[in-house]
Each structure stands twice: as structure tokens, then as C-alpha cells.
>>> print(open('start_37.cif').read())   # mmCIF, C-alpha atoms
data_work
loop_
_atom_site.group_PDB
_atom_site.id
_atom_site.type_symbol
_atom_site.label_atom_id
_atom_site.label_comp_id
_atom_site.auth_asym_id
_atom_site.auth_seq_id
_atom_site.Cartn_x
_atom_site.Cartn_y
_atom_site.Cartn_z
ATOM 1 C CA MET A 1 0.000 0.000 0.000
ATOM 2 C CA SER A 2 2.587 2.473 1.113
ATOM 3 C CA SER A 3 4.697 2.080 -2.013
ATOM 4 C CA HIS A 4 3.310 5.125 -3.841
ATOM 5 C CA SER A 5 2.448 8.688 -2.824
ATOM 6 C CA SER A 6 3.126 8.756 0.966
ATOM 7 C CA SER A 7 4.108 12.370 0.213
ATOM 8 C CA GLU A 8 6.367 13.011 3.183
ATOM 9 C CA GLU A 9 5.193 16.100 5.060
ATOM 10 C CA HIS A 10 3.379 17.670 2.105
ATOM 11 C CA HIS A 11 4.977 20.776 0.731
ATOM 12 C CA ILE A 12 3.667 24.133 1.952
ATOM 13 C CA THR A 13 4.123 27.004 -0.478
ATOM 14 C CA SER A 14 5.066 30.354 1.046
ATOM 15 C CA TYR A 15 2.828 33.449 0.815
ATOM 16 C CA LYS A 16 5.643 35.248 -0.962
ATOM 17 C CA THR A 17 5.717 32.668 -3.762
ATOM 18 C CA TYR A 18 1.986 33.118 -4.328
ATOM 19 C CA ILE A 19 2.283 36.880 -4.509
ATOM 20 C CA LEU A 20 5.142 36.591 -7.015
ATOM 21 C CA ILE A 21 3.083 34.138 -9.086
ATOM 22 C CA TRP A 22 0.168 36.561 -8.974
ATOM 23 C CA ILE A 23 2.383 39.418 -10.235
ATOM 24 C CA LEU A 24 3.644 37.146 -13.034
ATOM 25 C CA LEU A 25 0.051 36.283 -14.007
ATOM 26 C CA MET A 26 -0.911 39.965 -14.080
ATOM 27 C CA ILE A 27 2.073 40.782 -16.310
ATOM 28 C CA LEU A 28 1.096 37.978 -18.687
ATOM 29 C CA THR A 29 -2.509 39.238 -18.734
ATOM 30 C CA ALA A 30 -1.290 42.751 -19.556
ATOM 31 C CA ILE A 31 0.835 41.351 -22.408
ATOM 32 C CA THR A 32 -2.036 39.377 -23.898
ATOM 33 C CA VAL A 33 -4.432 42.355 -23.727
ATOM 34 C CA TYR A 34 -1.804 44.665 -25.222
ATOM 35 C CA VAL A 35 -1.034 42.308 -28.114
ATOM 36 C CA SER A 36 -4.746 42.040 -28.920
ATOM 37 C CA TYR A 37 -4.759 45.735 -29.913
ATOM 38 C CA VAL A 38 -1.902 45.204 -32.378
ATOM 39 C CA ASP A 39 -2.581 43.401 -35.632
ATOM 40 C CA VAL A 40 0.098 40.797 -36.265
ATOM 41 C CA GLY A 41 -2.031 38.523 -38.410
ATOM 42 C CA ILE A 42 -1.918 34.864 -37.595
ATOM 43 C CA PHE A 43 0.420 35.554 -34.681
ATOM 44 C CA ASN A 44 -2.405 37.167 -32.702
ATOM 45 C CA ILE A 45 -3.929 33.774 -32.034
ATOM 46 C CA VAL A 46 -0.527 32.104 -31.596
ATOM 47 C CA ILE A 47 0.593 34.647 -28.981
ATOM 48 C CA ALA A 48 -2.793 34.704 -27.218
ATOM 49 C CA MET A 49 -2.913 30.905 -26.921
ATOM 50 C CA SER A 50 0.740 30.614 -25.902
ATOM 51 C CA VAL A 51 0.339 33.203 -23.148
ATOM 52 C CA ALA A 52 -2.889 31.528 -21.976
ATOM 53 C CA SER A 53 -1.112 28.170 -21.829
ATOM 54 C CA VAL A 54 1.799 29.607 -19.843
ATOM 55 C CA LYS A 55 -0.712 31.165 -17.431
ATOM 56 C CA ALA A 56 -2.630 27.892 -17.146
ATOM 57 C CA ALA A 57 0.606 25.978 -16.509
ATOM 58 C CA VAL A 58 1.657 28.428 -13.792
ATOM 59 C CA VAL A 59 -1.759 28.187 -12.107
ATOM 60 C CA ALA A 60 -1.672 24.382 -12.198
ATOM 61 C CA LEU A 61 1.957 24.042 -11.093
ATOM 62 C CA PHE A 62 1.901 26.503 -8.203
ATOM 63 C CA PHE A 63 -1.657 27.440 -7.176
ATOM 64 C CA MET A 64 -2.823 23.848 -7.620
ATOM 65 C CA HIS A 65 0.447 22.399 -6.230
ATOM 66 C CA LEU A 66 0.898 20.115 -9.215
ATOM 67 C CA LYS A 67 4.655 20.739 -9.015
ATOM 68 C CA PHE A 68 4.707 18.855 -5.720
ATOM 69 C CA GLU A 69 2.327 16.023 -6.601
ATOM 70 C CA ASP A 70 3.272 12.423 -7.333
ATOM 71 C CA SER A 71 3.390 10.907 -10.797
ATOM 72 C CA ILE A 72 -0.110 9.411 -10.608
ATOM 73 C CA THR A 73 -1.658 12.836 -10.044
ATOM 74 C CA TRP A 74 0.428 14.154 -12.934
ATOM 75 C CA GLY A 75 -0.951 11.380 -15.088
ATOM 76 C CA PHE A 76 -4.503 12.248 -14.132
ATOM 77 C CA ALA A 77 -3.876 15.927 -14.769
ATOM 78 C CA LEU A 78 -2.328 15.418 -18.211
ATOM 79 C CA PHE A 79 -4.507 12.586 -19.521
ATOM 80 C CA PRO A 80 -7.613 14.803 -19.982
ATOM 81 C CA LEU A 81 -5.482 17.208 -22.012
ATOM 82 C CA ALA A 82 -4.504 14.371 -24.342
ATOM 83 C CA LEU A 83 -8.189 13.406 -24.634
ATOM 84 C CA LEU A 84 -9.074 17.026 -25.318
ATOM 85 C CA ALA A 85 -6.474 17.216 -28.097
ATOM 86 C CA LEU A 86 -7.865 13.999 -29.545
ATOM 87 C CA LEU A 87 -11.444 15.273 -29.339
ATOM 88 C CA ILE A 88 -10.704 18.605 -31.008
ATOM 89 C CA GLY A 89 -8.188 17.182 -33.472
ATOM 90 C CA MET A 90 -10.392 14.355 -34.697
ATOM 91 C CA THR A 91 -13.510 16.551 -34.929
ATOM 92 C CA ILE A 92 -11.627 19.062 -37.056
ATOM 93 C CA LEU A 93 -10.186 16.311 -39.248
ATOM 94 C CA ASP A 94 -13.667 14.907 -39.732
ATOM 95 C CA THR A 95 -15.341 18.233 -40.471
ATOM 96 C CA PHE A 96 -12.809 19.425 -43.017
ATOM 97 C CA THR A 97 -12.120 16.219 -44.920
ATOM 98 C CA ARG A 98 -15.649 15.247 -45.909
ATOM 99 C CA LEU A 99 -16.194 14.492 -49.569
ATOM 100 C CA PHE A 100 -19.823 15.505 -49.312
ATOM 101 C CA PRO A 101 -20.106 18.277 -46.733
ATOM 102 C CA ILE A 102 -23.459 18.526 -45.023
ATOM 103 C CA MET B 1 -2.546 -6.740 11.325
ATOM 104 C CA GLU B 2 -4.108 -4.100 9.129
ATOM 105 C CA GLN B 3 -6.875 -6.543 8.322
ATOM 106 C CA ALA B 4 -8.003 -6.813 11.926
ATOM 107 C CA SER B 5 -8.192 -3.105 12.537
ATOM 108 C CA MET B 6 -10.046 -2.597 9.251
ATOM 109 C CA ASP B 7 -12.733 -5.056 10.298
ATOM 110 C CA HIS B 8 -13.371 -3.323 13.578
ATOM 111 C CA THR B 9 -13.769 0.103 12.092
ATOM 112 C CA HIS B 10 -15.922 -1.099 9.185
ATOM 113 C CA GLY B 11 -13.497 0.560 6.826
ATOM 114 C CA HIS B 12 -14.437 4.072 7.930
ATOM 115 C CA GLU B 13 -11.073 4.858 9.393
ATOM 116 C CA MET B 14 -8.154 5.177 7.072
ATOM 117 C CA ASP B 15 -4.611 6.278 7.561
ATOM 118 C CA PRO B 16 -5.143 10.084 7.427
ATOM 119 C CA ARG B 17 -2.250 10.618 5.068
ATOM 120 C CA GLU B 18 -3.555 7.955 2.725
ATOM 121 C CA ALA B 19 -7.049 9.448 2.895
ATOM 122 C CA TYR B 20 -5.590 12.858 2.072
ATOM 123 C CA GLY B 21 -3.756 11.493 -0.960
ATOM 124 C CA ILE B 22 -6.775 9.601 -2.257
ATOM 125 C CA SER B 23 -9.090 12.607 -1.793
ATOM 126 C CA LYS B 24 -6.807 14.847 -3.786
ATOM 127 C CA PHE B 25 -6.344 12.179 -6.416
ATOM 128 C CA GLY B 26 -10.140 11.866 -6.726
ATOM 129 C CA MET B 27 -10.468 15.628 -7.067
ATOM 130 C CA TRP B 28 -7.978 15.690 -9.937
ATOM 131 C CA LEU B 29 -9.964 12.917 -11.619
ATOM 132 C CA PHE B 30 -13.117 15.010 -11.273
ATOM 133 C CA LEU B 31 -11.337 18.087 -12.636
ATOM 134 C CA GLY B 32 -10.410 15.970 -15.652
ATOM 135 C CA THR B 33 -14.092 15.319 -16.352
ATOM 136 C CA GLU B 34 -14.722 19.061 -16.027
ATOM 137 C CA VAL B 35 -12.096 19.757 -18.664
ATOM 138 C CA MET B 36 -13.865 17.292 -20.954
ATOM 139 C CA LEU B 37 -17.234 18.935 -20.231
ATOM 140 C CA PHE B 38 -15.882 22.239 -21.522
ATOM 141 C CA GLY B 39 -13.937 20.335 -24.181
ATOM 142 C CA GLY B 40 -17.050 19.693 -26.268
ATOM 143 C CA LEU B 41 -17.753 23.408 -26.455
ATOM 144 C CA PHE B 42 -14.115 24.185 -27.195
ATOM 145 C CA ALA B 43 -14.254 21.715 -30.083
ATOM 146 C CA ALA B 44 -17.408 23.421 -31.392
ATOM 147 C CA TYR B 45 -15.627 26.770 -31.088
ATOM 148 C CA ALA B 46 -12.629 25.482 -33.057
ATOM 149 C CA ILE B 47 -14.758 24.152 -35.893
ATOM 150 C CA PHE B 48 -17.047 27.146 -36.293
ATOM 151 C CA ARG B 49 -14.160 29.547 -35.986
ATOM 152 C CA ALA B 50 -12.363 27.730 -38.783
ATOM 153 C CA LYS B 51 -15.546 27.684 -40.884
ATOM 154 C CA TYR B 52 -16.661 31.278 -40.322
ATOM 155 C CA PRO B 53 -13.555 33.343 -39.502
ATOM 156 C CA GLU B 54 -15.160 36.631 -40.669
ATOM 157 C CA MET B 55 -18.128 36.148 -38.346
ATOM 158 C CA PHE B 56 -15.869 35.599 -35.348
ATOM 159 C CA LEU B 57 -13.717 38.573 -36.317
ATOM 160 C CA GLU B 58 -16.680 40.933 -36.671
ATOM 161 C CA GLU B 59 -18.802 39.798 -33.761
ATOM 162 C CA HIS B 60 -16.091 39.467 -31.139
ATOM 163 C CA LYS B 61 -15.694 43.233 -31.429
ATOM 164 C CA LEU B 62 -19.166 43.586 -29.900
ATOM 165 C CA LEU B 63 -17.865 42.131 -26.630
ATOM 166 C CA ASN B 64 -16.592 44.490 -23.980
ATOM 167 C CA ARG B 65 -12.862 43.845 -23.835
ATOM 168 C CA GLU B 66 -12.335 46.063 -20.783
ATOM 169 C CA MET B 67 -14.960 44.243 -18.741
ATOM 170 C CA GLY B 68 -13.459 40.919 -19.778
ATOM 171 C CA ALA B 69 -10.008 42.117 -18.704
ATOM 172 C CA VAL B 70 -11.346 43.354 -15.356
ATOM 173 C CA ASN B 71 -12.966 39.980 -14.752
ATOM 174 C CA THR B 72 -9.720 38.220 -15.642
ATOM 175 C CA CYS B 73 -7.891 40.282 -13.021
ATOM 176 C CA VAL B 74 -10.633 39.613 -10.457
ATOM 177 C CA LEU B 75 -10.435 35.857 -10.987
ATOM 178 C CA ILE B 76 -6.632 35.720 -10.943
ATOM 179 C CA PHE B 77 -6.602 37.753 -7.728
ATOM 180 C CA SER B 78 -9.181 35.411 -6.177
ATOM 181 C CA SER B 79 -7.075 32.432 -7.210
ATOM 182 C CA MET B 80 -4.128 33.986 -5.380
ATOM 183 C CA THR B 81 -6.140 34.635 -2.198
ATOM 184 C CA MET B 82 -7.453 31.065 -2.372
ATOM 185 C CA ALA B 83 -3.905 29.688 -2.593
ATOM 186 C CA VAL B 84 -2.829 31.889 0.336
ATOM 187 C CA GLY B 85 -5.815 30.562 2.295
ATOM 188 C CA VAL B 86 -4.650 26.974 1.729
ATOM 189 C CA THR B 87 -1.143 27.781 2.956
ATOM 190 C CA ALA B 88 -2.641 29.579 5.966
ATOM 191 C CA ILE B 89 -4.677 26.548 7.056
ATOM 192 C CA GLN B 90 -1.677 24.269 6.519
ATOM 193 C CA ARG B 91 0.117 26.505 9.007
ATOM 194 C CA GLY B 92 -2.870 26.404 11.359
ATOM 195 C CA LYS B 93 -3.845 30.062 10.877
ATOM 196 C CA ARG B 94 -7.635 29.790 10.887
ATOM 197 C CA LYS B 95 -8.415 33.510 11.000
ATOM 198 C CA LEU B 96 -6.242 34.236 7.970
ATOM 199 C CA THR B 97 -7.801 31.294 6.106
ATOM 200 C CA SER B 98 -11.311 32.588 6.849
ATOM 201 C CA LEU B 99 -10.371 36.064 5.659
ATOM 202 C CA MET B 100 -8.822 34.717 2.455
ATOM 203 C CA LEU B 101 -11.858 32.516 1.768
ATOM 204 C CA LEU B 102 -14.126 35.518 2.294
ATOM 205 C CA ILE B 103 -12.103 37.641 -0.140
ATOM 206 C CA THR B 104 -12.168 34.792 -2.677
ATOM 207 C CA ILE B 105 -15.953 34.490 -2.372
ATOM 208 C CA LEU B 106 -16.399 38.260 -2.715
ATOM 209 C CA CYS B 107 -14.232 38.219 -5.862
ATOM 210 C CA GLY B 108 -16.458 35.464 -7.224
ATOM 211 C CA LEU B 109 -19.503 37.653 -6.584
ATOM 212 C CA ALA B 110 -17.764 40.654 -8.177
ATOM 213 C CA PHE B 111 -17.097 38.514 -11.239
ATOM 214 C CA ALA B 112 -20.807 37.647 -11.373
ATOM 215 C CA VAL B 113 -21.802 41.319 -11.104
ATOM 216 C CA VAL B 114 -19.528 42.317 -14.010
ATOM 217 C CA LYS B 115 -20.899 39.418 -16.038
ATOM 218 C CA TYR B 116 -24.456 40.543 -15.221
ATOM 219 C CA PHE B 117 -23.710 43.980 -16.662
ATOM 220 C CA GLU B 118 -22.148 42.400 -19.735
ATOM 221 C CA TYR B 119 -25.133 40.164 -20.365
ATOM 222 C CA SER B 120 -27.545 43.078 -19.782
ATOM 223 C CA ALA B 121 -25.653 45.204 -22.305
ATOM 224 C CA LYS B 122 -25.863 42.392 -24.860
ATOM 225 C CA PHE B 123 -29.590 41.880 -24.278
ATOM 226 C CA SER B 124 -30.286 45.608 -24.545
ATOM 227 C CA HIS B 125 -28.601 45.517 -27.970
ATOM 228 C CA HIS B 126 -30.856 42.592 -28.872
ATOM 229 C CA ILE B 127 -28.010 40.126 -28.844
ATOM 230 C CA TYR B 128 -29.207 36.744 -27.658
ATOM 231 C CA PRO B 129 -27.856 33.188 -27.763
ATOM 232 C CA ASP B 130 -29.753 32.620 -31.022
ATOM 233 C CA THR B 131 -28.341 35.731 -32.693
ATOM 234 C CA SER B 132 -25.459 33.874 -34.329
ATOM 235 C CA ILE B 133 -23.184 30.886 -33.890
ATOM 236 C CA PHE B 134 -20.581 33.129 -32.278
ATOM 237 C CA PHE B 135 -22.965 34.429 -29.647
ATOM 238 C CA SER B 136 -24.427 30.990 -29.192
ATOM 239 C CA LEU B 137 -20.932 29.797 -28.244
ATOM 240 C CA TYR B 138 -20.276 32.932 -26.208
ATOM 241 C CA PHE B 139 -23.374 32.484 -24.052
ATOM 242 C CA MET B 140 -22.885 28.714 -23.699
ATOM 243 C CA LEU B 141 -19.211 28.953 -22.733
ATOM 244 C CA THR B 142 -19.529 31.921 -20.380
ATOM 245 C CA GLY B 143 -22.842 30.602 -19.037
ATOM 246 C CA LEU B 144 -21.399 27.186 -18.204
ATOM 247 C CA HIS B 145 -18.397 28.928 -16.671
ATOM 248 C CA MET B 146 -20.687 31.230 -14.673
ATOM 249 C CA LEU B 147 -22.479 28.147 -13.331
ATOM 250 C CA HIS B 148 -19.101 26.875 -12.143
ATOM 251 C CA VAL B 149 -18.394 30.206 -10.462
ATOM 252 C CA PHE B 150 -21.667 29.896 -8.531
ATOM 253 C CA ILE B 151 -20.915 26.290 -7.551
ATOM 254 C CA GLY B 152 -17.437 27.394 -6.483
ATOM 255 C CA ILE B 153 -18.934 30.180 -4.353
ATOM 256 C CA ALA B 154 -21.277 27.643 -2.723
ATOM 257 C CA ILE B 155 -18.402 25.236 -1.999
ATOM 258 C CA LEU B 156 -16.121 27.943 -0.613
ATOM 259 C CA SER B 157 -18.947 29.376 1.530
ATOM 260 C CA THR B 158 -19.414 25.932 3.073
ATOM 261 C CA VAL B 159 -15.666 25.617 3.626
ATOM 262 C CA LEU B 160 -15.629 29.118 5.156
ATOM 263 C CA VAL B 161 -18.368 28.240 7.666
ATOM 264 C CA LEU B 162 -16.586 24.998 8.604
ATOM 265 C CA THR B 163 -13.269 26.837 8.953
ATOM 266 C CA MET B 164 -14.839 29.372 11.297
ATOM 267 C CA LYS B 165 -16.321 26.497 13.300
ATOM 268 C CA GLY B 166 -12.760 25.233 13.739
ATOM 269 C CA LYS B 167 -13.105 22.026 11.727
ATOM 270 C CA PHE B 168 -9.747 22.423 9.980
ATOM 271 C CA ASN B 169 -6.194 22.773 11.207
ATOM 272 C CA GLN B 170 -2.645 21.952 10.108
ATOM 273 C CA GLU B 171 -3.336 18.212 10.516
ATOM 274 C CA TYR B 172 -6.586 18.181 8.562
ATOM 275 C CA SER B 173 -7.227 20.691 5.780
ATOM 276 C CA THR B 174 -8.348 18.455 2.895
ATOM 277 C CA PRO B 175 -11.715 20.198 2.161
ATOM 278 C CA VAL B 176 -10.013 23.596 2.005
ATOM 279 C CA GLU B 177 -7.486 22.234 -0.476
ATOM 280 C CA LEU B 178 -10.094 20.472 -2.608
ATOM 281 C CA GLY B 179 -12.323 23.553 -2.656
ATOM 282 C CA GLY B 180 -9.247 25.481 -3.689
ATOM 283 C CA LEU B 181 -8.499 23.062 -6.540
ATOM 284 C CA TYR B 182 -12.043 23.544 -7.837
ATOM 285 C CA TRP B 183 -11.717 27.324 -7.673
ATOM 286 C CA HIS B 184 -8.394 27.244 -9.509
ATOM 287 C CA LEU B 185 -9.985 25.200 -12.281
ATOM 288 C CA VAL B 186 -12.680 27.869 -12.663
ATOM 289 C CA ASP B 187 -9.862 30.400 -13.027
ATOM 290 C CA LEU B 188 -7.985 28.146 -15.429
ATOM 291 C CA ILE B 189 -10.955 27.820 -17.783
ATOM 292 C CA TRP B 190 -11.476 31.581 -17.790
ATOM 293 C CA ILE B 191 -7.794 32.030 -18.682
ATOM 294 C CA TYR B 192 -8.662 30.353 -22.006
ATOM 295 C CA LEU B 193 -12.153 31.806 -22.456
ATOM 296 C CA PHE B 194 -10.961 35.399 -22.160
ATOM 297 C CA PRO B 195 -8.564 35.411 -25.142
ATOM 298 C CA LEU B 196 -10.716 33.018 -27.223
ATOM 299 C CA LEU B 197 -13.865 35.146 -26.955
ATOM 300 C CA TYR B 198 -12.739 38.694 -26.267
ATOM 301 C CA LEU B 199 -9.288 39.095 -27.735
ATOM 302 C CA ILE B 200 -8.814 37.207 -30.970
ATOM 303 C CA GLY B 201 -10.771 37.543 -34.125
#
>>> encode(input="start_37.cif", output="C-alpha cells")
Amino acid sequence: MSSHSSSEEHHITSYKTYILIWILLMILTAITVYVSYVDVGIFNIVIAMSVASVKAAVVALFFMHLKFEDSITWGFALFPLALLALLIGMTILDTFTRLFPI
Amino acid sequence: MEQASMDHTHGHEMDPREAYGISKFGMWLFLGTEVMLFGGLFAAYAIFRAKYPEMFLEEHKLLNREMGAVNTCVLIFSSMTMAVGVTAIQRGKRKLTSLMLLITILCGLAFAVVKYFEYSAKFSHHIYPDTSIFFSLYFMLTGLHMLHVFIGIAILSTVLVLTMKGKFNQEYSTPVELGGLYWHLVDLIWIYLFPLLYLIG
């Protein structure tokens, strides 16, 4: 039973770390809002999605403590993302490769 | 030896550390299903955006970017106070935890108020969910997210009451942490909704 997890004295993140993470998130939000006012073509969506993903990763790693979780929790956190990619990817493939579009 | 003790307690008692790990594990599993719940709508967004790029470009301009940005800041701030609240209870500081939970809940309500004004503005311009595919997706995505904000507020209010009653301390803080995980997921989904709906066209 005790082979996995048994997270010795679970990690407690300091208040300071959270405030620094919050400042980082606010900076990233400012960047993404600023970029949205500038037209850089296709890169608008690329930058917006990249910044959103960095923000999401920071929230998951620090606010949600994923950084300090065991590998099983990591698996359960990442698996839905793989499913999501599959869901969106396959639906797009289906929709745009039909010989007789509905 | 474990077997005997298990029989006597009818399986209700578990090693607290093991129970903590399993609870958190279960919460992550649930959060995975939440991601998939939104996933269907994200897939619909991707397809219709690819099919009707002009519609998305034109109609996203009707959304109030400033209000969306304010709400993003409100949610990120509430996520920070929630995280601080979890650390506080892990250090046994109940008063600080209660205060942080209260601030988090108030931010959730502020988010709802801003959203109310946004929806009202749309309705007054005769924009409804059946106006177009874009607004259909907008109301579905933000509506489903709003529902999660309300559920989060309900969960955190319960956790707040229990914290004030002294149910949690540095040895046992699982419900505070799980409530926190839920709230962070609500924030996480908004982190994607904001640029997808308000910023890019």
C-alpha cells in the first residue's frame, strides 16, 4: 500500500511565492491584452494561446500544487489534455475532410 | 494486522495521510471530467471559428474587452487569495484562512456582477444566444463557466463556515485544499475563455 504517494510532510508554499506568481500572471494578462490591440495577423492567435497556456501551466503548477504532486496525479492531470487534443483534433479532421459536406 | 483493525472500524477509518492522498487524487480525476465537459464546447468553437472566420472577427468586437479584462484580473486575484488561504490553514492560521476565503468568495460575486452587466448590455442591444453561432458559443461557454463560479462560491462558503467552526487545522485541511483546486480550475478555464472570446478575431 505504502509504495506510492506517501508524500512526506506535504509541501507548503510560502505566501511570498503566491504573490510573485500573482504578479507574473498579471504581467502575462497585460501582455495578452496589449497584443490584442496590435494586428500581427496569424500571430495574434498564436501569442494569445501561448500566453494563456503559460498562465494555465503556472496556475496548475503553483496554485494547484501540481509541481509537488506524485506521478499518478500528474498522469490524471495530463490525460484529460490528451483526450481534449484527440477530441478537437479528430472533430476538425472529420469536419474538413468530408467528400460531401453537409 | 491491518486486516483486523479494518474489520473493527468497518473501513471508515483510514490512515489520514492515505485518505488525504486519495481525496486529492479523486479531485484531480473530477477536474479531468470538467475539462472534458468544456472540451465539447471548445471543439465546437474550433470548428465554427475555422468555418466562419469573418463572423468571429466581426462579432467578437461587440464584446466588452475592458470588462473581460477586469474579470480576468478579479479571478486571478481570487485564485491567489485562495492559494494563500490553503497555505494559511496548513500553518494552522484559521483567522487568515477565513479572511482569504471571504475575499475569494467576494471576488467570485464581483465577477458575477460584471458578467451581469455584460449580459444586460448584450440583451439591450438585442443580442441573444440565437443571434449567431458566435454568440451561441459565447453564451454557452460563459454561461457554463458562470455556473461553475456559482458552484465554487457555494463550496467555498461551506468551507468558510466549517473553517470558522474550527473544523480544519494543520493536521486536517483536505476540504479547504479540494475547494481550492475547484476554484483554480474555474480560473484556469477563464484564462482560455478570455482570449478566445474577447481578444482574438
>>> resolve_selection(input="start_37.cif", expression="the PyMOL selection byres ((chain A and resi 63) around 9)", output="JSON, numbers by chain")
{"A": [13, 18, 21, 58, 59, 60, 61, 62, 64, 65, 66], "B": [79, 80, 82, 83, 84, 180, 181, 184]}
>>> resolve_selection(input="start_37.cif", expression="the PyMOL selection byres ((chain B) within 9 of (chain A))", output="PyMOL selection string")
chain B and resi 17-18+21+24-25+28-29+31-33+35-36+39-40+42-44+46-47+50-51+65+69+72-73+76-77+79-84+86-88+90-91+177+180-181+184-185+187-189+191-192+194-196+199-201
>>> resolve_selection(input="start_37.cif", expression="the PyMOL selection byres ((chain B and resi 148) around 10)", output="CSV table (one decimal) with C-alpha atoms, in the frame of the given file")
chain,number,residue,atom,x,y,z
B,34,GLU,CA,-14.7,19.1,-16.0
B,142,THR,CA,-19.5,31.9,-20.4
B,143,GLY,CA,-22.8,30.6,-19.0
B,144,LEU,CA,-21.4,27.2,-18.2
B,145,HIS,CA,-18.4,28.9,-16.7
B,146,MET,CA,-20.7,31.2,-14.7
B,147,LEU,CA,-22.5,28.1,-13.3
B,149,VAL,CA,-18.4,30.2,-10.5
B,150,PHE,CA,-21.7,29.9,-8.5
B,151,ILE,CA,-20.9,26.3,-7.6
B,152,GLY,CA,-17.4,27.4,-6.5
B,153,ILE,CA,-18.9,30.2,-4.4
B,154,ALA,CA,-21.3,27.6,-2.7
B,182,TYR,CA,-12.0,23.5,-7.8
B,183,TRP,CA,-11.7,27.3,-7.7
B,185,LEU,CA,-10.0,25.2,-12.3
B,186,VAL,CA,-12.7,27.9,-12.7
B,187,ASP,CA,-9.9,30.4,-13.0
B,189,ILE,CA,-11.0,27.8,-17.8
>>> atom_distance(input="start_37.cif", atom1="atom CA of Tyr119 of chain B", atom2="atom CA of Val38 of chain A")
26.6 Å
>>> atom_distance(input="start_37.cif", atom1="atom CA of Leu197 of chain B", atom2="atom CA of Val113 of chain B")
18.8 Å
>>> atom_distance(input="start_37.cif", atom1="atom CA of Pro175 of chain B", atom2="atom CA of Ser98 of chain B")
13.3 Å
>>> closest_residue(input="start_37.cif", among="B:Gly92, B:Met67, B:Phe139, B:Phe123", to="Glu171 of chain B", atoms="all atoms listed in the file")
B:Gly92
>>> closest_residue(input="start_37.cif", among="B:Leu37, B:Ala19, B:Val70, B:Met55", to="Lys115 of chain B", atoms="only C-alpha atoms")
B:Val70
>>> axis_aligned_box(input="start_37.cif", around="segment 126-131 of chain B", padding_each_side="3 Å", output="AutoDock Vina command-line options")
--center_x -29.4 --center_y 37.6 --center_z -30.2 --size_x 9.0 --size_y 16.0 --size_z 11.0
>>> closest_residue(input="start_37.cif", among="B:Leu57, B:Leu178, B:Ile89, B:Leu75", to="Thr163 of chain B", atoms="all atoms listed in the file")
B:Ile89
